[in-house]
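Undergrad: Got a file for you: my_file-v1.cif, mmCIF, C-alpha atoms.
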```cif
data_final
#
loop_
_atom_site.label_atom_id
_atom_site.label_comp_id
_atom_site.auth_asym_id
_atom_site.auth_seq_id
_atom_site.Cartn_x
_atom_site.Cartn_y
_atom_site.Cartn_z
CA MET A 1 -7.47 -46.63 19.22
CA SER A 2 -5.90 -44.15 16.79
CA ARG A 3 -8.56 -41.42 16.87
CA ASP A 4 -10.69 -39.79 19.56
CA SER A 5 -13.73 -40.55 17.40
CA ASP A 6 -13.16 -44.25 18.17
CA ILE A 7 -13.98 -43.79 21.86
CA GLU A 8 -17.79 -43.76 21.70
CA GLY A 9 -17.98 -46.98 19.70
CA LEU A 10 -15.44 -48.65 21.96
CA LYS A 11 -17.55 -47.69 25.01
CA LYS A 12 -20.42 -49.77 23.62
CA LEU A 13 -18.12 -52.76 23.16
CA VAL A 14 -16.66 -52.44 26.66
CA GLN A 15 -20.06 -52.06 28.31
CA THR A 16 -21.34 -55.19 26.56
CA ILE A 17 -18.38 -57.24 27.76
CA GLN A 18 -18.44 -55.89 31.31
CA ALA A 19 -22.20 -56.52 31.53
CA ASN A 20 -21.28 -60.22 31.35
CA ASP A 21 -19.13 -59.93 34.50
CA THR A 22 -15.92 -59.97 32.49
CA LYS A 23 -12.91 -57.65 32.64
CA VAL A 24 -11.53 -56.44 29.31
CA ILE A 25 -8.09 -55.09 28.44
CA ALA A 26 -7.24 -53.31 25.18
CA GLN A 27 -4.15 -54.50 23.32
CA ILE A 28 -2.38 -51.56 21.65
CA ASN A 29 0.08 -52.12 18.86
CA HIS A 30 2.08 -50.64 15.97
CA ALA A 31 2.79 -53.03 13.10
CA GLY A 32 6.01 -51.40 11.91
CA SER A 33 7.37 -53.27 8.88
CA ALA A 34 4.49 -55.76 9.07
CA ALA A 35 2.21 -53.00 7.77
CA SER A 36 1.52 -52.62 4.06
CA SER A 37 1.76 -49.21 2.44
CA LYS A 38 -1.13 -50.30 0.20
CA VAL A 39 -3.31 -50.36 3.33
CA THR A 40 -1.87 -47.46 5.32
CA GLY A 41 -0.96 -45.11 2.49
CA MET A 42 2.38 -44.54 4.23
CA ALA A 43 5.84 -46.06 3.85
CA ALA A 44 6.53 -48.99 6.16
CA VAL A 45 8.94 -48.21 9.00
CA SER A 46 10.97 -50.28 11.42
CA ALA A 47 13.92 -50.12 13.78
CA SER A 48 16.18 -50.60 10.75
CA ALA A 49 15.92 -51.07 7.00
CA VAL A 50 15.61 -54.85 7.35
CA ARG A 51 12.87 -56.91 5.72
CA ASN A 52 10.54 -58.42 8.33
CA PRO A 53 11.30 -62.16 8.82
CA ALA A 54 8.16 -62.93 10.88
CA PRO A 55 4.99 -64.58 9.53
CA SER A 56 3.15 -61.31 10.20
CA GLY A 57 5.50 -59.44 7.86
CA ARG A 58 6.16 -62.05 5.23
CA ASN A 59 4.46 -60.01 2.49
CA GLY A 60 5.77 -56.66 3.70
CA GLU A 61 8.03 -54.34 1.77
CA MET A 62 11.51 -53.14 2.74
CA PRO A 63 10.92 -50.65 5.60
CA GLN A 64 12.57 -47.32 6.24
CA ALA A 65 14.68 -47.02 9.40
CA MET A 66 12.82 -44.77 11.83
CA THR A 67 14.21 -41.33 12.60
CA GLN A 68 14.45 -40.02 16.14
CA GLU A 69 11.43 -37.82 15.40
CA GLN A 70 9.38 -40.81 14.22
CA VAL A 71 10.33 -42.78 17.32
CA ALA A 72 9.23 -39.88 19.54
CA GLN A 73 5.90 -39.70 17.67
CA VAL A 74 5.26 -43.42 18.20
CA VAL A 75 5.75 -42.92 21.94
CA LYS A 76 3.12 -40.16 21.90
CA ASP A 77 0.77 -42.31 19.81
CA PHE A 78 0.94 -45.24 22.24
CA ALA A 79 0.22 -42.91 25.15
CA ALA A 80 -2.75 -41.40 23.30
CA ALA A 81 -4.09 -44.89 22.51
CA ALA A 82 -3.89 -45.81 26.20
CA ARG A 83 -5.72 -42.59 27.13
CA ARG A 84 -8.52 -43.50 24.70
CA ALA A 85 -8.71 -47.04 26.08
CA LYS A 86 -9.15 -45.73 29.60
CA ALA A 87 -11.74 -43.18 28.43
CA ALA A 88 -13.68 -45.98 26.74
CA GLY A 89 -13.79 -47.91 30.03
CA PHE A 90 -11.30 -50.69 29.38
CA ASP A 91 -9.93 -52.21 32.59
CA GLY A 92 -6.35 -51.92 31.37
CA VAL A 93 -4.07 -51.89 28.35
CA GLU A 94 -1.55 -54.38 27.00
CA ILE A 95 1.39 -53.04 24.99
CA HIS A 96 2.15 -55.47 22.15
CA SER A 97 5.82 -56.40 21.65
CA ALA A 98 5.64 -59.82 20.03
CA HIS A 99 5.07 -61.68 16.75
CA GLY A 100 7.31 -59.44 14.64
CA TYR A 101 5.48 -56.14 15.16
CA LEU A 102 7.23 -52.80 15.73
CA LEU A 103 8.34 -53.11 19.36
CA ASP A 104 9.50 -56.66 18.66
CA GLN A 105 11.49 -55.25 15.72
CA PHE A 106 13.39 -53.05 18.19
CA TYR A 107 13.84 -55.93 20.67
CA SER A 108 15.06 -58.55 18.18
CA PRO A 109 18.70 -58.52 16.97
CA LEU A 110 17.39 -59.87 13.65
CA THR A 111 15.76 -56.55 12.81
CA ASN A 112 17.48 -53.99 15.04
CA LYS A 113 20.74 -52.88 13.41
CA ARG A 114 20.73 -49.36 14.86
CA ASP A 115 23.87 -47.72 16.23
CA ASP A 116 22.14 -45.12 18.41
CA GLU A 117 20.69 -45.39 21.91
CA TYR A 118 17.94 -47.71 20.61
CA GLY A 119 20.47 -50.19 19.19
CA ALA A 120 20.76 -53.88 19.96
CA GLN A 121 24.24 -53.64 21.51
CA THR A 122 22.64 -53.78 24.99
CA MET A 123 19.33 -55.00 26.34
CA GLU A 124 18.66 -51.50 27.61
CA GLY A 125 19.01 -50.24 24.03
CA ARG A 126 16.72 -52.94 22.65
CA LEU A 127 14.11 -51.97 25.26
CA ARG A 128 14.61 -48.20 25.28
CA LEU A 129 11.49 -47.62 23.16
CA HIS A 130 9.55 -49.96 25.44
CA ARG A 131 10.64 -47.96 28.50
CA GLU A 132 9.71 -44.66 26.91
CA ILE A 133 6.27 -46.00 25.92
CA ILE A 134 5.61 -47.50 29.35
CA GLU A 135 6.53 -44.21 31.03
CA ALA A 136 4.38 -42.19 28.61
CA VAL A 137 1.42 -44.55 29.04
CA ARG A 138 1.75 -44.32 32.83
CA ALA A 139 1.74 -40.54 32.63
CA GLU A 140 -1.59 -40.74 30.76
CA VAL A 141 -3.44 -43.44 32.72
CA GLY A 142 -1.98 -43.13 36.23
CA GLN A 143 -0.39 -45.59 38.62
CA ASP A 144 -3.59 -47.45 39.54
CA TYR A 145 -4.46 -48.53 35.98
CA LEU A 146 -3.39 -51.96 34.70
CA VAL A 147 -0.52 -51.78 32.19
CA ALA A 148 0.53 -55.14 30.76
CA LEU A 149 3.08 -55.98 28.08
CA ARG A 150 3.11 -58.90 25.66
CA LEU A 151 6.71 -59.89 24.95
CA GLY A 152 7.89 -62.06 22.10
CA GLY A 153 10.68 -63.27 24.32
CA CYS A 154 12.49 -65.67 21.99
CA ASP A 155 12.77 -65.75 18.18
CA TYR A 156 13.68 -69.45 18.01
CA GLN A 157 15.95 -68.53 15.08
CA GLU A 158 19.72 -68.34 14.71
CA GLY A 159 20.95 -64.86 15.56
CA GLY A 160 17.66 -63.85 17.14
CA SER A 161 16.53 -63.26 20.69
CA THR A 162 17.00 -66.15 23.11
CA ILE A 163 15.30 -67.50 26.21
CA ASP A 164 18.14 -65.97 28.27
CA ASP A 165 17.27 -62.65 26.62
CA SER A 166 13.62 -63.04 27.62
CA VAL A 167 14.55 -63.38 31.29
CA GLU A 168 16.84 -60.35 31.20
CA ALA A 169 14.22 -58.34 29.32
CA CYS A 170 11.42 -59.16 31.74
CA VAL A 171 13.49 -58.10 34.75
CA LEU A 172 13.98 -54.72 33.07
CA LEU A 173 10.35 -54.43 31.97
CA GLU A 174 9.19 -55.01 35.55
CA SER A 175 11.55 -52.26 36.70
CA TYR A 176 10.03 -49.96 34.06
CA GLY A 177 6.64 -50.35 35.71
CA VAL A 178 4.52 -52.98 33.96
CA ASP A 179 1.97 -54.83 36.10
CA LEU A 180 1.71 -58.02 34.04
CA LEU A 181 3.85 -59.86 31.48
CA ASP A 182 2.23 -61.93 28.72
CA ILE A 183 4.82 -64.20 27.09
CA SER A 184 4.74 -65.41 23.50
CA GLY A 185 7.04 -65.85 20.50
CA GLY A 186 8.99 -63.22 18.62
CA MET A 187 9.92 -63.45 14.95
CA ASN A 188 8.58 -67.02 14.91
CA GLY A 189 5.07 -65.67 15.60
CA TYR A 190 2.76 -67.39 18.06
CA MET A 191 3.90 -70.91 17.07
CA ILE A 192 7.16 -72.82 17.52
CA PRO A 193 7.96 -74.99 14.49
CA GLY A 194 7.54 -78.66 15.39
CA ARG A 195 6.06 -78.00 18.85
CA THR A 196 2.43 -78.85 19.52
CA GLU A 197 2.29 -79.65 23.25
CA ALA A 198 0.13 -77.51 25.51
CA GLY A 199 2.03 -74.50 26.82
CA TYR A 200 4.97 -74.73 24.44
CA PHE A 201 6.33 -71.37 25.67
CA SER A 202 6.56 -72.70 29.24
CA GLU A 203 10.36 -73.02 29.20
CA MET A 204 10.43 -69.23 28.96
CA THR A 205 7.68 -68.48 31.46
CA GLU A 206 9.07 -70.86 34.10
CA ARG A 207 12.46 -69.15 34.02
CA ILE A 208 10.98 -65.64 33.89
CA LYS A 209 8.69 -66.41 36.84
CA GLU A 210 11.76 -67.17 38.97
CA LYS A 211 13.17 -63.67 38.39
CA VAL A 212 10.18 -61.30 38.52
CA THR A 213 7.35 -60.63 40.96
CA VAL A 214 4.62 -59.47 38.55
CA PRO A 215 2.21 -62.14 37.25
CA ILE A 216 3.22 -64.07 34.13
CA ILE A 217 0.76 -65.27 31.47
CA LEU A 218 1.60 -68.47 29.55
CA THR A 219 0.03 -69.01 26.12
CA GLY A 220 0.55 -71.48 23.31
CA GLY A 221 -1.51 -74.52 22.33
CA ILE A 222 -3.57 -74.65 25.54
CA THR A 223 -7.05 -75.79 24.57
CA ASN A 224 -8.50 -77.59 27.60
CA ILE A 225 -8.87 -76.89 31.31
CA GLU A 226 -6.86 -79.96 32.34
CA SER A 227 -3.76 -78.68 30.53
CA ALA A 228 -4.24 -75.21 31.96
CA GLU A 229 -4.53 -76.46 35.54
CA SER A 230 -1.58 -78.81 35.12
CA LEU A 231 0.69 -76.00 33.89
CA LEU A 232 -0.34 -73.77 36.81
CA ALA A 233 0.22 -76.56 39.32
CA ALA A 234 3.70 -77.15 37.89
CA GLY A 235 4.61 -73.50 38.48
CA LYS A 236 5.03 -72.68 34.81
CA ALA A 237 3.09 -69.40 35.10
CA ASP A 238 0.55 -67.46 37.17
CA LEU A 239 -2.15 -67.15 34.52
CA ILE A 240 -3.07 -69.06 31.36
CA GLY A 241 -3.92 -67.49 28.00
CA VAL A 242 -6.42 -69.33 25.83
CA GLY A 243 -7.02 -67.95 22.34
CA ARG A 244 -8.02 -70.24 19.50
CA ALA A 245 -10.09 -72.55 21.71
CA ILE A 246 -12.25 -69.58 22.74
CA LEU A 247 -12.52 -68.39 19.14
CA LYS A 248 -13.96 -71.82 18.31
CA ASP A 249 -16.23 -71.93 21.38
CA SER A 250 -17.31 -68.68 23.02
CA LEU A 251 -18.59 -70.67 26.03
CA TRP A 252 -15.20 -72.37 26.63
CA ALA A 253 -14.61 -70.66 29.98
CA LYS A 254 -18.14 -71.34 31.24
CA SER A 255 -17.82 -75.01 30.33
CA ALA A 256 -14.42 -75.21 32.03
CA MET A 257 -15.72 -73.67 35.26
CA GLN A 258 -18.70 -76.03 35.31
CA GLY A 259 -16.41 -79.03 34.94
#
```
Just give me the structure as structure tokens.

TA:
Amino acid sequence: MSRDSDIEGLKKLVQTIQANDTKVIAQINHAGSAASSKVTGMAAVSASAVRNPAPSGRNGEMPQAMTQEQVAQVVKDFAAAARRAKAAGFDGVEIHSAHGYLLDQFYSPLTNKRDDEYGAQTMEGRLRLHREIIEAVRAEVGQDYLVALRLGGCDYQEGGSTIDDSVEACVLLESYGVDLLDISGGMNGYMIPGRTEAGYFSEMTERIKEKVTVPIILTGGITNIESAESLLAAGKADLIGVGRAILKDSLWAKSAMQG
């Protein structure tokens, strides 16, 4: 999504997916300190000069704290990526703020040590970059285009973001204009140590669902239709995300619908 020259190739991908009666949303992301300078050719950056504690950044180098100018450029880059996604025919975009990537690095107190308006002293500060990106994306794609956000709501680590934080954050994110919230882990990644039950992020989604009106997606260890339906019936979320099961079996959804 980083260059206009990507659009034509992405159109072919989108058309193939949509030809199978399936909607497709583009997830747009900046890795921040999870990126390697050996790959990018640029110094790693983050909210602060703090080594990334997430699995995604375990081999990363010490990042540079982003300047105001760099932050402003990232906002523009997210908006441009959303514009390209819409031009390629995607049915929406999802802004990635989970699993220890850049927006999660601003949200999490473990990695955000800033003392400016993006600092972790308030939830508004932790989410200021999110708000600016959401507003910039909206300006590019319009009000009738789906804009989702994936939030790593809780770090499950001492000193990190909490489940209470995730509820407060989602209330603000809804007010900023997102249409859909996709809930996962923060600096712990997409797993919770020692938890293997289907829908292990449901404690978060159940509480968030009580406070917001936009649909909530629950992910995490859900591999069969029975678990998915049970979690929906229990009011844990509005939608279910299935990842690894579909990577193993591309016909998972068809099999589920056919019983």

Undergrad: Evaluate the PyMOL selection byres ((chain A and resi 212-218) around 8) and record the selected residues as a list in words, following the chain and residue labels used in the document.

TA: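 Checking the PyMOL selection byres ((chain A and resi 212-218) around 8) against this file, the residues are Cys170, Val171, Glu174, Val178, Asp179, Leu180, Leu181, Asp182, Ile183, Ser184, Gly199, Phe201, Ser202, Thr205, Ile208, Lys209, Glu210, Lys211, Thr219, Gly220, Lys236, Ala237, Asp238, Leu239, Ile240 and Gly241 of chain A.
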
Undergrad: Can you measure atom CA of A:Ser46 to atom CA of A:Arg114 for me? One decimal in Å is fine.

TA: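 Distance reported for this atom pair: 10.4 Å.
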
Undergrad: Any chance you could work out the axis-aligned box around stretch 59-76 of chain A, listed atoms only, 5 Å on each side, giving centre and edge lengths in Å to one decimal, as AutoDock Vina command-line options?

TA:
```
--center_x 8.9 --center_y -48.9 --center_z 11.9 --size_x 21.6 --size_y 32.2 --size_z 30.2
```

Undergrad: As a check of understanding, name the residues that the PyMOL selection byres ((chain A and resi 164) around 9) selects in the supplied structure, as a list in words.

TA: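 Taken over the shown coordinates, the PyMOL selection byres ((chain A and resi 164) around 9) returns Gly153, Cys154, Ser161, Thr162, Ile163, Asp165, Ser166, Val167, Glu168, Ala169, Met204 and Arg207 of chain A.
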
Undergrad: Take the residues that were just selected and, keeping C-alpha atoms, output them as an mmCIF file, in the coordinates of the input.

TA:
```cif
data_model
loop_
_atom_site.group_PDB
_atom_site.id
_atom_site.type_symbol
_atom_site.label_atom_id
_atom_site.label_comp_id
_atom_site.auth_asym_id
_atom_site.auth_seq_id
_atom_site.Cartn_x
_atom_site.Cartn_y
_atom_site.Cartn_z
ATOM 1 C CA GLY A 153 10.680 -63.270 24.320
ATOM 2 C CA CYS A 154 12.490 -65.670 21.990
ATOM 3 C CA SER A 161 16.530 -63.260 20.690
ATOM 4 C CA THR A 162 17.000 -66.150 23.110
ATOM 5 C CA ILE A 163 15.300 -67.500 26.210
ATOM 6 C CA ASP A 165 17.270 -62.650 26.620
ATOM 7 C CA SER A 166 13.620 -63.040 27.620
ATOM 8 C CA VAL A 167 14.550 -63.380 31.290
ATOM 9 C CA GLU A 168 16.840 -60.350 31.200
ATOM 10 C CA ALA A 169 14.220 -58.340 29.320
ATOM 11 C CA MET A 204 10.430 -69.230 28.960
ATOM 12 C CA ARG A 207 12.460 -69.150 34.020
#
```

Undergrad: When you draw a straight line from atom CA of A:Arg195 to atom CA of A:Leu103, how long is it in Å?

TA: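 Taking atom CA of A:Arg195 as the start and atom CA of A:Leu103 as the end point, the length is 25.0 Å.
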
Undergrad: Using all atoms listed in the file, which residue out of A:Gly9, A:Gly32, A:Gly177, A:Gly152 lies closest to A:Val74?

TA: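 Closest candidate: A:Gly32.
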
Undergrad: From the list A:Glu61, A:Glu203, A:Asp21, A:Glu197, which residue is nearest A:Thr223 when using only C-alpha atoms?

TA: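 Among A:Glu61, A:Glu203, A:Asp21, A:Glu197, it is A:Glu197 that comes nearest to A:Thr223.
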
Undergrad: What does the structure give for the distance between atom CA of A:Ala148 and atom CA of A:Met1, in Å to one decimal?

TA: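 A separation of 16.4 Å between them.
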
Undergrad: Smallest atom-to-atom distance to A:Glu226: which of A:Gly194, A:Gly259, A:Pro53, A:Gly243, using all atoms listed in the file?

TA: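 Of A:Gly194, A:Gly259, A:Pro53, A:Gly243, the one nearest A:Glu226, counting all atoms listed in the file, is A:Gly259.
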
Undergrad: When the PyMOL selection byres ((chain A and resi 77) around 10) is applied to the file above, which residues end up in the set, as an MDAnalysis selection string?

TA: chainID A and resid 1:3 28:30 71:76 78:83 133 136:137

Undergrad: Which residue, A:Phe90, A:Glu229, A:Thr111, A:His96, has the smallest gap to A:Gln64 when you use all atoms listed in the file?

TA: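 Checking each of A:Phe90, A:Glu229, A:Thr111, A:His96 against A:Gln64, counting all atoms listed in the file, the winner is A:Thr111.
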
Undergrad: For a quick check of understanding, using only C-alpha atoms, which of A:Val24, A:Leu13, A:Met187, A:Ala198 has the smallest distance to A:Gly57?

TA: A:Met187

Undergrad: Using only C-alpha atoms - which residues lie no farther than 10 Å from the point (12.4, -51.6, 1.4) in the file's frame? Write them as a list in words.

TA: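 Output of the proximity query reads Ser33, Ala43, Ala44, Val45, Ala49, Val50, Arg51, Asn52, Gly60, Glu61, Met62, Pro63, Gln64 and Ala65 of chain A.
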
Undergrad: So, with only C-alpha atoms as the atoms that count, which of A:Tyr145, A:Ala54, A:Ala88, A:Glu206 lies closest to A:Leu232?

TA: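 Once distances to A:Leu232 are computed over only C-alpha atoms, the minimum belongs to A:Glu206.
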
Undergrad: Near A:Gly186, counting all atoms listed in the file, which residues have an atom at most 10 Å away, once you skip same-chain residues fewer than 5 positions from it, shown as a list in words?

TA: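 Near neighbours after the sequence-gap exclusion: Ala54, Ser97, Ala98, His99, Gly100, Tyr101, Asp104, Gln105, Tyr107, Ser108, Leu151, Gly152, Gly153, Cys154, Asp155, Tyr156, Gln157, Gly160, Ser161, Thr162, Met191 and Ile192 of chain A.
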